[in-house]
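Structure file coords-v4.cif with mmCIF, C-alpha atoms:
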data_my_file
#
loop_
_atom_site.label_atom_id
_atom_site.label_comp_id
_atom_site.auth_asym_id
_atom_site.auth_seq_id
_atom_site.Cartn_x
_atom_site.Cartn_y
_atom_site.Cartn_z
CA MET G 44 -11.15 -8.44 -28.03
CA SER G 45 -13.46 -10.11 -25.49
CA PHE G 46 -10.69 -9.94 -22.86
CA PHE G 47 -10.26 -6.20 -23.46
CA PHE G 48 -14.02 -5.72 -23.11
CA ARG G 49 -13.92 -7.82 -19.92
CA PHE G 50 -11.18 -5.57 -18.50
CA LEU G 51 -13.16 -2.43 -19.39
CA MET G 52 -16.45 -3.70 -17.93
CA GLY G 53 -14.79 -4.95 -14.73
CA GLY G 54 -12.92 -1.68 -14.26
CA LEU G 55 -16.05 0.41 -14.79
CA LEU G 56 -18.25 -1.66 -12.46
CA VAL G 57 -15.64 -1.80 -9.69
CA SER G 58 -15.13 1.99 -9.96
CA ALA G 59 -18.89 2.62 -9.87
CA PHE G 60 -19.33 0.61 -6.65
CA ALA G 61 -16.21 2.28 -5.18
CA VAL G 62 -17.70 5.76 -5.83
CA LEU G 63 -20.88 4.67 -4.01
CA ALA G 64 -18.80 3.35 -1.09
CA ASP G 65 -16.91 6.66 -0.87
CA ALA G 66 -20.07 8.73 -0.70
CA LEU G 67 -22.14 6.63 1.69
CA LYS G 68 -22.17 7.06 5.47
CA PRO G 69 -21.90 5.48 8.05
CA LYS G 70 -18.71 3.57 7.27
CA THR G 71 -20.05 0.14 8.24
CA PHE G 72 -22.78 0.62 5.63
CA ALA G 73 -20.31 1.82 3.00
CA GLY G 74 -18.25 -1.29 3.75
CA ILE G 75 -21.02 -3.43 2.27
CA PHE G 76 -19.98 -2.05 -1.14
CA ALA G 77 -16.43 -3.31 -0.61
CA ALA G 78 -17.93 -6.75 -1.18
CA ALA G 79 -20.16 -5.75 -4.09
CA PRO G 80 -20.67 -8.28 -6.90
CA SER G 81 -18.93 -6.01 -9.45
CA VAL G 82 -16.48 -8.58 -10.87
CA ALA G 83 -19.22 -11.23 -10.87
CA LEU G 84 -21.68 -9.02 -12.78
CA ALA G 85 -19.14 -8.26 -15.52
CA THR G 86 -17.94 -11.86 -15.78
CA LEU G 87 -21.34 -13.55 -15.66
CA ALA G 88 -22.91 -11.23 -18.24
CA LEU G 89 -20.05 -11.99 -20.64
CA ALA G 90 -20.03 -15.71 -19.78
CA VAL G 91 -23.70 -16.00 -20.79
CA SER G 92 -23.11 -14.28 -24.13
CA LEU G 93 -19.88 -16.16 -24.96
CA ASP G 94 -20.26 -19.61 -23.34
CA GLY G 95 -23.98 -19.97 -22.64
CA LYS G 96 -26.23 -20.05 -19.59
CA GLU G 97 -25.13 -23.47 -18.38
CA PHE G 98 -21.51 -22.30 -18.07
CA ALA G 99 -22.55 -19.16 -16.15
CA THR G 100 -24.88 -21.14 -13.83
CA GLU G 101 -21.99 -23.49 -13.00
CA GLN G 102 -19.82 -20.44 -12.23
CA ALA G 103 -22.52 -19.05 -9.92
CA ARG G 104 -22.68 -22.37 -8.02
CA SER G 105 -18.94 -22.20 -7.48
CA MET G 106 -19.19 -18.54 -6.53
CA MET G 107 -21.27 -19.49 -3.45
CA VAL G 108 -18.17 -21.28 -2.14
CA GLY G 109 -16.02 -18.24 -3.01
CA ALA G 110 -18.44 -15.98 -1.12
CA ALA G 111 -18.29 -18.19 1.99
CA ALA G 112 -14.48 -17.92 1.78
CA PHE G 113 -14.86 -14.13 1.48
CA VAL G 114 -16.81 -14.09 4.77
CA ALA G 115 -13.96 -16.02 6.47
CA TYR G 116 -11.45 -13.64 4.86
CA ALA G 117 -13.24 -10.48 6.04
CA VAL G 118 -13.74 -11.81 9.60
CA THR G 119 -10.01 -12.65 9.83
CA CYS G 120 -9.02 -9.26 8.41
CA LEU G 121 -11.27 -7.53 10.97
CA GLN G 122 -9.60 -9.42 13.82
CA PHE G 123 -6.12 -8.48 12.54
CA ILE G 124 -7.01 -4.77 12.34
CA ALA G 125 -9.18 -4.43 15.45
CA ARG G 126 -7.46 -6.80 17.88
CA LEU G 127 -3.86 -7.11 16.71
CA ARG G 128 -3.68 -3.47 15.47
CA TRP G 129 -2.10 -4.46 12.17
CA SER G 130 -1.98 -1.89 9.36
CA PRO G 131 -5.00 -2.29 7.03
CA LEU G 132 -2.81 -3.21 4.03
CA ARG G 133 -0.88 -5.85 6.00
CA ALA G 134 -4.10 -7.31 7.47
CA ALA G 135 -5.94 -7.37 4.14
CA THR G 136 -3.01 -8.96 2.31
CA ALA G 137 -2.19 -11.56 4.99
CA SER G 138 -5.86 -12.60 5.23
CA LEU G 139 -5.79 -13.61 1.55
CA ILE G 140 -4.23 -16.89 2.80
CA VAL G 141 -7.50 -17.53 4.67
CA TRP G 142 -9.50 -16.96 1.47
CA PHE G 143 -7.34 -19.40 -0.50
CA ALA G 144 -7.36 -22.01 2.29
CA SER G 145 -11.12 -21.90 2.93
CA ALA G 146 -11.98 -21.72 -0.79
CA ALA G 147 -9.77 -24.75 -1.47
CA ALA G 148 -11.17 -26.72 1.50
CA LEU G 149 -14.80 -25.97 0.58
CA TRP G 150 -14.13 -26.68 -3.10
CA LEU G 151 -12.66 -30.09 -2.24
CA LEU G 152 -15.54 -30.88 0.14
CA LEU G 153 -18.48 -29.65 -1.91
CA LEU G 154 -17.65 -29.20 -5.57
CA ARG G 155 -15.03 -31.69 -6.59
CA MET I 220 -28.50 5.28 12.51
CA TRP I 221 -29.35 6.99 9.19
CA ILE I 222 -27.78 6.26 5.82
CA ARG I 223 -26.46 9.43 4.16
CA PHE I 224 -25.06 10.23 0.72
CA ASN I 225 -22.17 12.71 0.91
CA SER I 226 -21.14 13.79 -2.60
CA ALA I 227 -18.27 15.92 -1.23
CA ALA I 228 -16.49 12.70 -0.23
CA ILE I 229 -16.29 11.70 -3.92
CA ARG I 230 -14.36 14.89 -4.73
CA ARG I 231 -11.86 14.13 -1.93
CA THR I 232 -10.71 10.99 -3.77
CA LYS I 233 -7.78 11.72 -6.09
CA PRO I 234 -8.05 10.75 -9.80
CA GLN I 235 -5.08 8.37 -9.46
CA GLU I 236 -6.94 6.56 -6.64
CA TYR I 237 -9.87 5.99 -9.00
CA ALA I 238 -7.39 4.86 -11.66
CA VAL I 239 -5.93 2.28 -9.25
CA ARG I 240 -9.40 0.87 -8.56
CA PHE I 241 -10.25 0.81 -12.27
CA VAL I 242 -7.05 -1.07 -13.17
CA PHE I 243 -7.41 -3.50 -10.23
CA GLY I 244 -11.07 -4.16 -11.08
CA GLY I 245 -10.31 -4.66 -14.76
CA ALA I 246 -7.36 -6.94 -14.01
CA VAL I 247 -9.34 -9.13 -11.59
CA THR I 248 -12.23 -9.48 -14.08
CA PHE I 249 -9.70 -10.29 -16.82
CA PHE I 250 -8.00 -13.01 -14.72
CA ALA I 251 -11.33 -14.46 -13.52
CA GLY I 252 -12.29 -14.87 -17.18
CA LEU I 253 -8.91 -16.37 -18.02
CA ILE I 254 -9.15 -18.93 -15.18
CA ALA I 255 -12.68 -19.93 -16.24
CA HIS I 256 -11.49 -20.25 -19.85
CA TYR I 257 -8.55 -22.54 -19.07
CA TYR I 258 -9.67 -24.42 -15.92
CA GLY I 259 -13.44 -24.52 -16.39
CA PRO I 260 -16.44 -22.78 -14.77
CA THR I 261 -16.12 -24.51 -11.37
CA MET I 262 -12.63 -23.15 -10.77
CA GLY I 263 -13.38 -19.80 -12.47
CA GLY I 264 -16.51 -19.25 -10.38
CA LEU I 265 -14.52 -19.28 -7.15
CA PHE I 266 -12.64 -16.16 -8.27
CA LEU I 267 -15.86 -14.20 -8.82
CA ALA I 268 -15.82 -13.68 -5.05
CA PHE I 269 -12.06 -13.10 -4.73
CA PRO I 270 -11.35 -10.04 -2.51
CA ALA I 271 -8.73 -8.57 -4.85
CA ILE I 272 -9.94 -4.97 -4.73
CA PHE I 273 -10.52 -5.02 -0.99
CA PRO I 274 -6.86 -4.47 0.16
CA ALA I 275 -6.56 -1.38 -2.08
CA GLY I 276 -9.94 -0.01 -0.96
CA VAL I 277 -9.40 -0.46 2.77
CA THR I 278 -5.91 1.10 2.54
CA LEU I 279 -7.30 4.15 0.74
CA ILE I 280 -9.97 4.61 3.40
CA ALA I 281 -7.38 4.45 6.20
CA LYS I 282 -5.22 6.97 4.29
CA HIS I 283 -8.14 9.38 3.83
CA GLU I 284 -8.86 9.34 7.57
CA GLU I 285 -5.18 9.78 8.41
CA ARG I 286 -4.91 12.74 6.03
CA LYS I 287 -7.99 14.35 7.60
CA ARG I 288 -6.48 14.07 11.11
CA GLN I 289 -3.05 15.23 9.94
CA ARG I 290 -4.62 18.43 8.57
CA ALA I 291 -5.86 19.03 12.14
CA GLY I 292 -2.32 18.51 13.44
CA LEU I 293 -2.85 14.98 14.80
CA SER I 294 -1.11 11.74 13.80
CA GLY I 295 -4.30 10.02 12.64
CA LYS I 296 -2.85 6.47 12.63
CA LEU I 297 -5.38 5.13 15.14
CA ARG I 298 -8.29 6.89 13.43
CA GLY I 299 -7.21 5.40 10.11
CA LYS I 300 -7.20 1.90 11.58
CA ALA I 301 -10.60 2.47 13.20
CA ALA I 302 -12.06 3.56 9.85
CA ALA I 303 -10.54 0.50 8.16
CA ALA I 304 -12.02 -1.77 10.87
CA LEU I 305 -15.49 -0.27 10.35
CA GLU I 306 -15.20 -0.70 6.59
CA THR I 307 -14.13 -4.33 7.09
CA ARG I 308 -17.09 -4.97 9.40
CA GLY I 309 -19.31 -3.78 6.55
CA ALA I 310 -17.45 -6.05 4.14
CA VAL I 311 -18.31 -9.08 6.33
CA ILE I 312 -21.98 -8.19 5.83
CA GLY I 313 -21.49 -7.54 2.10
CA ALA I 314 -19.79 -10.92 1.72
CA CYS I 315 -22.81 -12.64 3.32
CA GLY I 316 -24.94 -10.83 0.72
CA LEU I 317 -22.57 -12.03 -1.99
CA PHE I 318 -23.51 -15.61 -1.12
CA PHE I 319 -27.18 -14.80 -1.73
CA PHE I 320 -26.24 -13.07 -5.00
CA ALA I 321 -24.56 -16.26 -6.23
CA PHE I 322 -27.46 -18.40 -5.00
CA ALA I 323 -29.97 -16.14 -6.81
CA VAL I 324 -27.98 -16.29 -10.08
CA HIS I 325 -27.69 -20.07 -9.79
CA THR I 326 -31.47 -20.38 -9.25
CA LEU I 327 -32.77 -17.71 -11.65
CA LEU I 328 -30.40 -17.82 -14.63
CA PRO I 329 -31.63 -21.11 -16.15
CA THR I 330 -35.26 -19.92 -16.30
CA ARG I 331 -35.14 -16.12 -16.67
CA PRO I 332 -33.61 -13.70 -19.19
CA THR I 333 -29.99 -12.84 -18.26
CA ALA I 334 -30.65 -9.15 -17.50
CA THR I 335 -33.59 -10.03 -15.22
CA ALA I 336 -31.64 -12.75 -13.39
CA LEU I 337 -28.60 -10.52 -12.79
CA SER I 338 -30.74 -7.54 -11.72
CA LEU I 339 -32.77 -9.65 -9.29
CA ALA I 340 -29.56 -11.22 -7.93
CA THR I 341 -28.03 -7.76 -7.35
CA LEU I 342 -31.22 -6.78 -5.57
CA ALA I 343 -30.94 -9.94 -3.43
CA TRP I 344 -27.35 -8.97 -2.52
CA LEU I 345 -28.40 -5.43 -1.56
CA ALA I 346 -31.56 -6.47 0.30
CA THR I 347 -29.86 -9.17 2.41
CA SER I 348 -26.85 -6.94 3.15
CA VAL I 349 -29.03 -4.00 4.21
CA MET I 350 -31.21 -6.30 6.31
CA ILE I 351 -28.20 -7.78 8.15
CA TRP I 352 -26.71 -4.28 8.58
CA CYS I 353 -30.00 -2.97 10.08
CA LEU I 354 -30.26 -5.92 12.47
CA ARG I 355 -26.63 -5.51 13.58
CA SER I 356 -26.81 -1.76 14.11
CA ARG I 357 -30.07 -2.13 16.07
CA ARG I 358 -28.42 -4.73 18.32
CA PHE I 359 -25.40 -2.44 18.75
CA GLN I 360 -27.61 0.54 19.68
CA ARG I 361 -29.47 -1.55 22.28
CA ARG I 362 -26.12 -2.34 23.93
CA LEU I 363 -25.33 1.39 24.37
CA PRO I 364 -26.14 2.87 27.82
#
Structure re-expressed in structure tokens:
Amino acid sequence: MSFFFRFLMGGLLVSAFAVLADALKPKTFAGIFAAAPSVALATLALAVSLDGKEFATEQARSMMVGAAAFVAYAVTCLQFIARLRWSPLRAATASLIVWFASAAALWLLLLR
Amino acid sequence: MWIRFNSAAIRRTKPQEYAVRFVFGGAVTFFAGLIAHYYGPTMGGLFLAFPAIFPAGVTLIAKHEERKRQRAGLSGKLRGKAAAALETRGAVIGACGLFFFAFAVHTLLPTRPTATALSLATLAWLATSVMIWCLRSRRFQRRLP
């Protein structure tokens, strides 16, 4: 039941931020909402109610590393689209390797 | 550069495109919870900043721009890529804000009520992102002749 509720909350929050991103101009500003904390809000709110504050605080600490990896991911994706002229889907999918690599490296260095 | 809210752009998005985002968002939240449940909060927390929805979002934006240009009889491929690049530039800024969101949750959650901590953290994300965006666009405007 909690997993269904998680799915519903995540879907709703992601859609809400996506609607905002669609309506806002200029595009660089709307892009901010592509990295909105929608998944984090849904997950952390549920984590507090199900597993307690300590669990959610630990998740937030780890999320800082994930966010740093997201910065590396987005910078790489931008280079692929703007400089190498890759299609947005190809660039965004290929850059996921950068997210995994930098998240793993930072996790090993800082959190393990 | 002014920030505008264009409600007509919401109507341009097809219902199935919203459905894709809803399913993607729900699935990512579901899997982030699953990972935290089985591998612990340290591993699960990483996936709270996983860019899973981003590829779908940036592709939709490029498609919208392409469609707009095609209606005017042009190919629109380049315009689509340019729109995607601008969106991604914004995502770099949003991701920096995401770091401050996580930092704020980590700092505030142990001492404040959950709703207050999450609201303040969202505000921290928005404030830092908008601040970086303003600084960047001001620098960009100064570079123009």
Straight-line distance linking CA of Leu87 in chain G with CA of Phe273 in chain I, stated in Å to one decimal: 20.1 Å
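Of the residues under consideration (G:Ala85, G:Ala73, G:Leu56, G:Ala111), G:Ala111 shows the shortest atom-to-atom contact distance to Phe318 in chain I when counting only C-alpha atoms.
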Non-local contacts of range 128-130 of chain G (10 Å; all atoms listed in the file; under 6 positions in same chain excluded) as a ChimeraX atom specification: /G:120-122 /I:278,281,296-297,299-301,303-304
Expansion of the PyMOL selection byres ((chain I) within 7 of (chain G)) into residues, as a PyMOL selection string: chain I and resi 222-226+228-229+237+240-242+244-246+248-249+252+260-261+263-270+273-274+277-278+300+303-315+317-318+321-322+324-325+328-329+348+352
Computed interatomic separation between CA of Ser338 in chain I and CA of Phe320 in chain I (Å): 9.8 Å
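Between CA of Leu151 in chain G and CA of Met262 in chain I there is a distance of 11.0 Å.
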Can you take the partial range 290-303 of chain I, add N, CA, C and O atoms, and return it as a PDB file, in the frame of the given file?
ATOM      1  N   ARG I 290      -4.312  17.018   8.855  1.00  0.00           N
ATOM      2  CA  ARG I 290      -4.620  18.430   8.570  1.00  0.00           C
ATOM      3  C   ARG I 290      -4.982  19.172   9.854  1.00  0.00           C
ATOM      4  O   ARG I 290      -4.798  20.367   9.971  1.00  0.00           O
ATOM      5  N   ALA I 291      -5.516  18.421  10.846  1.00  0.00           N
ATOM      6  CA  ALA I 291      -5.860  19.030  12.140  1.00  0.00           C
ATOM      7  C   ALA I 291      -4.690  18.971  13.116  1.00  0.00           C
ATOM      8  O   ALA I 291      -4.845  19.270  14.298  1.00  0.00           O
ATOM      9  N   GLY I 292      -3.527  18.533  12.619  1.00  0.00           N
ATOM     10  CA  GLY I 292      -2.320  18.510  13.440  1.00  0.00           C
ATOM     11  C   GLY I 292      -2.160  17.277  14.304  1.00  0.00           C
ATOM     12  O   GLY I 292      -1.334  17.244  15.217  1.00  0.00           O
ATOM     13  N   LEU I 293      -2.941  16.226  14.017  1.00  0.00           N
ATOM     14  CA  LEU I 293      -2.850  14.980  14.800  1.00  0.00           C
ATOM     15  C   LEU I 293      -2.229  13.881  13.926  1.00  0.00           C
ATOM     16  O   LEU I 293      -2.182  14.003  12.701  1.00  0.00           O
ATOM     17  N   SER I 294      -1.783  12.790  14.575  1.00  0.00           N
ATOM     18  CA  SER I 294      -1.110  11.740  13.800  1.00  0.00           C
ATOM     19  C   SER I 294      -2.099  10.978  12.893  1.00  0.00           C
ATOM     20  O   SER I 294      -1.821  10.719  11.746  1.00  0.00           O
ATOM     21  N   GLY I 295      -3.251  10.626  13.446  1.00  0.00           N
ATOM     22  CA  GLY I 295      -4.300  10.020  12.640  1.00  0.00           C
ATOM     23  C   GLY I 295      -4.151   8.529  12.368  1.00  0.00           C
ATOM     24  O   GLY I 295      -4.992   7.941  11.700  1.00  0.00           O
ATOM     25  N   LYS I 296      -3.082   7.902  12.883  1.00  0.00           N
ATOM     26  CA  LYS I 296      -2.850   6.470  12.630  1.00  0.00           C
ATOM     27  C   LYS I 296      -3.995   5.617  13.190  1.00  0.00           C
ATOM     28  O   LYS I 296      -4.521   4.747  12.510  1.00  0.00           O
ATOM     29  N   LEU I 297      -4.333   5.927  14.470  1.00  0.00           N
ATOM     30  CA  LEU I 297      -5.380   5.130  15.140  1.00  0.00           C
ATOM     31  C   LEU I 297      -6.735   5.321  14.463  1.00  0.00           C
ATOM     32  O   LEU I 297      -7.488   4.368  14.278  1.00  0.00           O
ATOM     33  N   ARG I 298      -7.014   6.585  14.094  1.00  0.00           N
ATOM     34  CA  ARG I 298      -8.290   6.890  13.430  1.00  0.00           C
ATOM     35  C   ARG I 298      -8.384   6.163  12.089  1.00  0.00           C
ATOM     36  O   ARG I 298      -9.443   5.668  11.716  1.00  0.00           O
ATOM     37  N   GLY I 299      -7.259   6.104  11.384  1.00  0.00           N
ATOM     38  CA  GLY I 299      -7.210   5.400  10.110  1.00  0.00           C
ATOM     39  C   GLY I 299      -7.537   3.932  10.278  1.00  0.00           C
ATOM     40  O   GLY I 299      -8.315   3.352   9.508  1.00  0.00           O
ATOM     41  N   LYS I 300      -6.954   3.318  11.320  1.00  0.00           N
ATOM     42  CA  LYS I 300      -7.200   1.900  11.580  1.00  0.00           C
ATOM     43  C   LYS I 300      -8.661   1.658  11.979  1.00  0.00           C
ATOM     44  O   LYS I 300      -9.264   0.661  11.588  1.00  0.00           O
ATOM     45  N   ALA I 301      -9.195   2.601  12.774  1.00  0.00           N
ATOM     46  CA  ALA I 301     -10.600   2.470  13.200  1.00  0.00           C
ATOM     47  C   ALA I 301     -11.523   2.525  11.989  1.00  0.00           C
ATOM     48  O   ALA I 301     -12.474   1.738  11.884  1.00  0.00           O
ATOM     49  N   ALA I 302     -11.233   3.444  11.063  1.00  0.00           N
ATOM     50  CA  ALA I 302     -12.060   3.560   9.850  1.00  0.00           C
ATOM     51  C   ALA I 302     -11.961   2.287   9.019  1.00  0.00           C
ATOM     52  O   ALA I 302     -12.964   1.803   8.487  1.00  0.00           O
ATOM     53  N   ALA I 303     -10.741   1.740   8.931  1.00  0.00           N
ATOM     54  CA  ALA I 303     -10.540   0.500   8.160  1.00  0.00           C
ATOM     55  C   ALA I 303     -11.301  -0.661   8.808  1.00  0.00           C
ATOM     56  O   ALA I 303     -11.883  -1.495   8.114  1.00  0.00           O
TER      57      ALA I 303
END
